[in-house]
Structures are given as structure tokens and as C-alpha cells.
Amino acid sequence: MDGIPKGAGFQPPAPVPRTVPPSRLEIIRTVLKNPLELWGLPSYTWPWIVTRFFGQTTIIANDPGLIRHVLVDNAANYEMSEIRQLVLRPILRDGLLTAEGPVWKRSRKAMAPVFTPRHARGFARQMREQSEQFLERYEAGTEGVVRDIAVDMTELTYAILSETLFSGGIVSEKGDFAKDVDDLLHSMGRIDPFDLLRAPKWIPRLTRLRGLGVLRKFRDLVRRTMDQRRTMIQTDREKAPDDFLTLLLELEGPDGLTPEEIEDNILTFIGAGHETTARALAWTLYCVAHSPDILDAMEQEIDTVIASGADPVEWLDQMPNVRASFEEAMRLYPPAPSINRDAIADDRYAAPNGEVVDIAKGTTVLVMPWTLHRHELYWDRPRIFDPSRFLPGEREKIGRFQYLPFGAGPRVCIGATFALQEAVIALAVLMQKYRFQTTPQTKPWPVQKLTTQPAGGLPMRITPRKP
């Protein structure tokens, strides 16, 4: 089986680094439109930058040692950034992404058993089944059909999440689920001018009003899902599936999780748990479509492994080319493009070369996977799609704090193994039967909302292939 060739040359679309600092008004406009367009050349070439945004001292951290210091070595001194919480807490409240202190510790401990690598591997067959069922929408006609892959991947990952973590028990309604998720996360999950000005929480954020109706709809969906499962557990516990939903409900009580915390965490996983993987899958298919040698290596690998009859639980390890392409897509288009922390007390970081960063109490430390993953100090040809850097033998050379698609430290993404396995299985099933090609209308532009999404969608032509 051939491997991905080193040095593939496709450069996918991304903002050109600024060479002139923006004005204050331009900063506001850019943050509201697309924060990815804000960053200047120093953000891609310096290890760190100390600056001020609206009277707030901010350190943009690209140095892996500084990132480790903030996220791991002295993590207790850094809390979730105020602006991040102003954006996300109205949606997720005390879900795992936004909870802090004892609430976060309690929730993380409660959910950890479901997302251990060993347990996550147990979902492999369901992931394959849902992916194969999803292919039915592509089976009409042999000349190919053009579909928005960004929307399709959202619906596929939702189907996988629903089946694996909730045993298909999410109460659903007819309608456009992908549009509802987009409205919820990308109208609510955006920075408002009042956030930049640190305005009190009670002042309405006009930019988010459009998402309030969808948020109420999702909250109602979650409550009905919880009530339905509670009734099943109380009526006949043996008939209730031993899944994520049942686990959370059985932890309800004075010494466990409150009903509100359970609701918040279910909403977090329904709303955001699949969104990041969906975006990364869509970007992978787009980048691979522009890279014929990489596509060929992936298809050969997929055909060989599936023809061997290997259990899907083994695909993550047996398909290094598929995994490498997905990881490279997450490098160029990190699902979560920023990690924000505020210093609780004064701190100092001393770099190995003797340089020192003083971090005063209240300083915001901004770790940007978007700039870190494209940084000229840490990557060879950083703007080029080159999955070979993630193949065995090369992957080990990448520093732990140089590549952060799932974050790092105590708050590292709890579902990282789940997401990697899901992505490899979904890509293998999709690419074994179909080829995804760009069209003249495929002109995506990366925009930072809650995730890195393609503005205008990702229309691609899907044609059958013969393995």
C-alpha cells in the first residue's frame, strides 16, 4: 500500500497576514466579521506578543513552552477568559465547556468513563453503521450530485452522536437540523461589541437575539429527551440502554449532578459535541479533492483495509493515511481556533533562551491554534496541506504544545479519541464508495465563529467510484 507522498503542494484559502496594525474601529469590524482576518505577520513569526485590546492587556502565546506553562504547569492560576464566557455561557451555562470550579470537576469526573479510549473504541461499529446509512442520500444517479458537504457532515456527525451517546433516543422534530445548529452556535456563539467593552451581562447582546428562539427549541428538546429516558429507567431499568444519557441521569442527586447540569451537558454534546468534527471532516474532503496523490494513497488504503474484513475498531490504527489527512486538515483549520485564559494572580514565564514574560493579574492569555498551527517558527511550509507530517515516524516529531486541535491540560477535549475514531471511520465509508470533487462554485473562505467554518458552504460533486 502506497503512503502519502511528502511535500504535496496545495495551499488552501486563508487570510493573508496583515503588515499594518489595524485601527481600533477596524479591530471591532474585523472581530465581528471574521477574527481570523485580524492577525498580522508577528502573530505567525514571533513566539509571543504583548498588546492591549480595549484597555485589556493581552498576551498572544505561540511559544509551546509558554502555552504549556499556562495550560498545564500553572493551570490553577488561569481561569476561563471573561469574553469567552460572555459568548458561551448564555448557550451552554454549566456544560463541560463553560463550567468552572467544583461544577466542572464534578461533571468531568462523571463523564470521564464514557470517553476513555477503550470505551470509545466500543462505538466503532455504530459509527460505521450510521455512516453507511448516511450514504443512501448519495445513491440516486451515477452522474454525480452536488451537495453542500459542510451541511452533510453536520448531519452525519449528529446521527453518529445520537446513536452512540444517546442510543438514538434524542427527541427530534422535523425540520432543518443543520440550519438550527448553525443558528444556535453561530448567532449566539459570536462576539458582540458589548463583550469587547466588558459591558455588564444584563445588557442585551443584539447580535445574539436571532438565536434565542432556537436556543429555547434546543432546551425544550433536551428536557423532553431527559423526561423520556427517566420514564424508561423508572419503568424498567433493564430496557434502558447503558449509554451516556442514562449515565448522566443516574448521577442525578444531592451528591451528583443537578438536573440543570445534566441538561447543560446534554445540550453541550448535542449542540457542540459533533460540530467540531463535522467542520474538520468537511475541510478534509475539500483539501483532499485538491491533492490527487494524497487522494490516491487514501483510497488504496481504505480499499485494502475494508477488503481485509478488519473490524472498524481497528481502522484508526490501520489507516494512517486517512488519519494523517484528517489531522492535517485540523492543523490548517482547527475546529476550535482560540483558547482564552485570564490570569488570577501575577505570574512569570522564563523561556529556555533566557527571555522572560511577566503576566500581571487580570491579563488575558490568548492561545490561537489558528496562528500556532501556521507559525513559521514551528512548521515547515506551514500554509501547505501536507499530511505526510502526521504519518508514523513524522508525527512523533511534532511537539505536544505545537499542535492543539483538542486543547491541552486539565481541560483537554474529553472526546478527542471519540472524534478521531469517528472521523477515520466516516471518511473510510464515504471515500470507499464515492469521490468528492470541487466545482466552480466551491470557493470556501474560513470564518471564525464558534468553530472554523467555510463561509458560503462547501458545494462538492459526489460521484460513485469502483474500489
# chains A, B, ... in the order shown; residues from 1 in each chain; ligands from 1
>>> residues_around(residues="A:Ile270", least_positions_apart="5", cutoff="10 Å", atoms="only C-alpha atoms", output="list in words")
Tyr158, Leu161, Ser162, Leu165, Phe166, Ile170, Val181, Phe218, Val222, Asp264, Asn265 and Glu275 of chain A
>>> write_last_selection(atoms="N, CA and C atoms", output="mmCIF file, in the first residue's frame")
data_model
loop_
_atom_site.group_PDB
_atom_site.id
_atom_site.type_symbol
_atom_site.label_atom_id
_atom_site.label_comp_id
_atom_site.auth_asym_id
_atom_site.auth_seq_id
_atom_site.Cartn_x
_atom_site.Cartn_y
_atom_site.Cartn_z
ATOM 1 N N TYR A 158 -24.044 14.352 13.640
ATOM 2 C CA TYR A 158 -25.172 14.358 14.571
ATOM 3 C C TYR A 158 -25.789 12.966 14.663
ATOM 4 N N LEU A 161 -23.471 10.847 16.759
ATOM 5 C CA LEU A 161 -23.561 11.227 18.164
ATOM 6 C C LEU A 161 -24.856 10.718 18.781
ATOM 7 N N SER A 162 -25.948 10.911 18.064
ATOM 8 C CA SER A 162 -27.254 10.489 18.586
ATOM 9 C C SER A 162 -27.291 8.994 18.859
ATOM 10 N N LEU A 165 -24.006 7.995 21.771
ATOM 11 C CA LEU A 165 -24.092 8.507 23.144
ATOM 12 C C LEU A 165 -25.512 8.513 23.699
ATOM 13 N N PHE A 166 -26.507 8.516 22.794
ATOM 14 C CA PHE A 166 -27.886 8.613 23.251
ATOM 15 C C PHE A 166 -28.762 7.472 22.733
ATOM 16 N N ILE A 170 -32.600 10.775 21.237
ATOM 17 C CA ILE A 170 -32.823 12.216 21.276
ATOM 18 C C ILE A 170 -34.173 12.515 20.648
ATOM 19 N N VAL A 181 -28.661 24.156 14.132
ATOM 20 C CA VAL A 181 -27.361 24.173 14.804
ATOM 21 C C VAL A 181 -26.581 25.415 14.404
ATOM 22 N N PHE A 218 -33.920 24.067 21.435
ATOM 23 C CA PHE A 218 -32.984 23.022 21.829
ATOM 24 C C PHE A 218 -33.145 22.664 23.297
ATOM 25 N N VAL A 222 -34.008 18.949 24.783
ATOM 26 C CA VAL A 222 -33.200 18.255 25.792
ATOM 27 C C VAL A 222 -34.073 17.822 26.967
ATOM 28 N N ASP A 264 -27.539 20.976 30.797
ATOM 29 C CA ASP A 264 -26.483 21.772 30.162
ATOM 30 C C ASP A 264 -25.483 20.890 29.428
ATOM 31 N N ASN A 265 -25.141 19.762 30.021
ATOM 32 C CA ASN A 265 -24.152 18.884 29.387
ATOM 33 C C ASN A 265 -24.721 18.149 28.181
ATOM 34 N N GLU A 275 -20.201 19.326 16.254
ATOM 35 C CA GLU A 275 -19.926 20.426 15.339
ATOM 36 C C GLU A 275 -18.459 20.501 14.936
#
>>> closest_atom_pairs(of="stretch 47-121 of chain A", to="stretch 377-380 of chain A", cutoff="12 Å", atoms="only C-alpha atoms", output="tab-separated table")
residue	atom	partner	partner_atom	distance
A:Pro47	CA	A:Leu377	CA	7.8
A:Trp48	CA	A:Leu377	CA	11.4
A:Asn62	CA	A:Leu377	CA	9.3
A:Asp63	CA	A:Tyr378	CA	9.0
A:Pro64	CA	A:Tyr378	CA	9.1
>>> closest_residue(among="A:Ala324, A:Lys433, A:Thr164, A:Thr438", to="A:Tyr138", atoms="only C-alpha atoms")
A:Lys433
>>> residues_around(residues="stretch 445-451 of chain A", least_positions_apart="3", cutoff="8 Å", atoms="only C-alpha atoms", output="PyMOL selection string")
chain A and resi 13-14+34-36+185-186+189-190+275-276+279+333-337+454-456
>>> write_last_selection(atoms="C-alpha atoms", output="short mmCIF file (atom, residue, chain, number, x, y, z; two decimals), in the first residue's frame")
data_model
loop_
_atom_site.label_atom_id
_atom_site.label_comp_id
_atom_site.auth_asym_id
_atom_site.auth_seq_id
_atom_site.Cartn_x
_atom_site.Cartn_y
_atom_site.Cartn_z
CA PRO A 13 -7.56 29.52 1.28
CA ALA A 14 -6.70 31.61 4.33
CA ASN A 34 -14.14 37.30 10.94
CA PRO A 35 -11.48 37.31 13.70
CA LEU A 36 -9.18 35.17 11.54
CA LEU A 185 -23.96 28.26 17.60
CA HIS A 186 -23.15 30.98 15.10
CA GLY A 189 -21.76 31.90 19.69
CA ARG A 190 -20.22 35.11 18.41
CA GLU A 275 -19.93 20.43 15.34
CA THR A 276 -16.14 20.46 15.61
CA ARG A 279 -16.22 21.04 10.26
CA TYR A 333 -8.50 24.65 10.01
CA PRO A 334 -8.54 23.98 13.77
CA PRO A 335 -12.12 23.24 14.87
CA ALA A 336 -11.68 25.46 17.94
CA PRO A 337 -9.47 28.31 16.67
CA PRO A 454 -16.46 27.71 5.41
CA ALA A 455 -18.34 30.88 4.52
CA GLY A 456 -20.75 30.11 1.71
#
>>> closest_residue(among="A:Arg223, A:Arg381, A:Arg24, A:Arg341", to="A:Ile60", atoms="only C-alpha atoms")
A:Arg341
>>> select_by_dssp(residues="stretch 238-423 of chain A", states="alpha helix (DSSP H)", output="ChimeraX atom specification")
/A:244-250,259-271,275-289,292-307,315-318,320-332,369-372,416-423
>>> closest_atom_pairs(of="stretch 87-158 of chain A", to="stretch 314-318 of chain A", cutoff="12 Å", atoms="only C-alpha atoms", output="JSON lines")
{"residue": "A:Pro117", "atom": "CA", "partner": "A:Leu316", "partner_atom": "CA", "distance": 11.6}
{"residue": "A:Arg118", "atom": "CA", "partner": "A:Glu314", "partner_atom": "CA", "distance": 11.9}
{"residue": "A:Ala120", "atom": "CA", "partner": "A:Leu316", "partner_atom": "CA", "distance": 11.6}
{"residue": "A:Arg121", "atom": "CA", "partner": "A:Glu314", "partner_atom": "CA", "distance": 8.6}
{"residue": "A:Gly122", "atom": "CA", "partner": "A:Glu314", "partner_atom": "CA", "distance": 10.8}
{"residue": "A:Phe123", "atom": "CA", "partner": "A:Glu314", "partner_atom": "CA", "distance": 11.7}
{"residue": "A:Ala124", "atom": "CA", "partner": "A:Glu314", "partner_atom": "CA", "distance": 8.6}
{"residue": "A:Arg125", "atom": "CA", "partner": "A:Glu314", "partner_atom": "CA", "distance": 10.4}
{"residue": "A:Met127", "atom": "CA", "partner": "A:Trp315", "partner_atom": "CA", "distance": 11.5}
{"residue": "A:Arg128", "atom": "CA", "partner": "A:Trp315", "partner_atom": "CA", "distance": 10.4}
>>> residues_around(residues="A:Pro410", least_positions_apart="2", cutoff="9 Å", atoms="only C-alpha atoms", output="number ranges by chain")
A: 71-72, 75, 408, 412-413
>>> closest_atom_pairs(of="stretch 72-167 of chain A", to="stretch 343-355 of chain A", cutoff="7 Å", atoms="only C-alpha atoms", output="JSON lines")
{"residue": "A:Asn77", "atom": "CA", "partner": "A:Ile344", "partner_atom": "CA", "distance": 5.2}
{"residue": "A:Tyr78", "atom": "CA", "partner": "A:Ala343", "partner_atom": "CA", "distance": 4.7}
{"residue": "A:Glu79", "atom": "CA", "partner": "A:Ala343", "partner_atom": "CA", "distance": 6.7}
>>> residues_around(residues="stretch 302-311 of chain A", least_positions_apart="5", cutoff="9 Å", atoms="only C-alpha atoms", output="VMD selection string")
chain A and resid 1 124 to 125 297 318 to 319 321 to 322 427 to 429 431 to 432 467
>>> closest_residue(among="A:Leu86, A:Ala282, A:Val70, A:Ala289", to="A:Pro200", atoms="only C-alpha atoms")
A:Leu86
>>> atom_distance(atom1="atom CA of A:Gln441", atom2="atom CA of A:Leu281")
19.2 Å
>>> atom_distance(atom1="atom CA of A:Val365", atom2="atom CA of A:Leu96")
20.7 Å
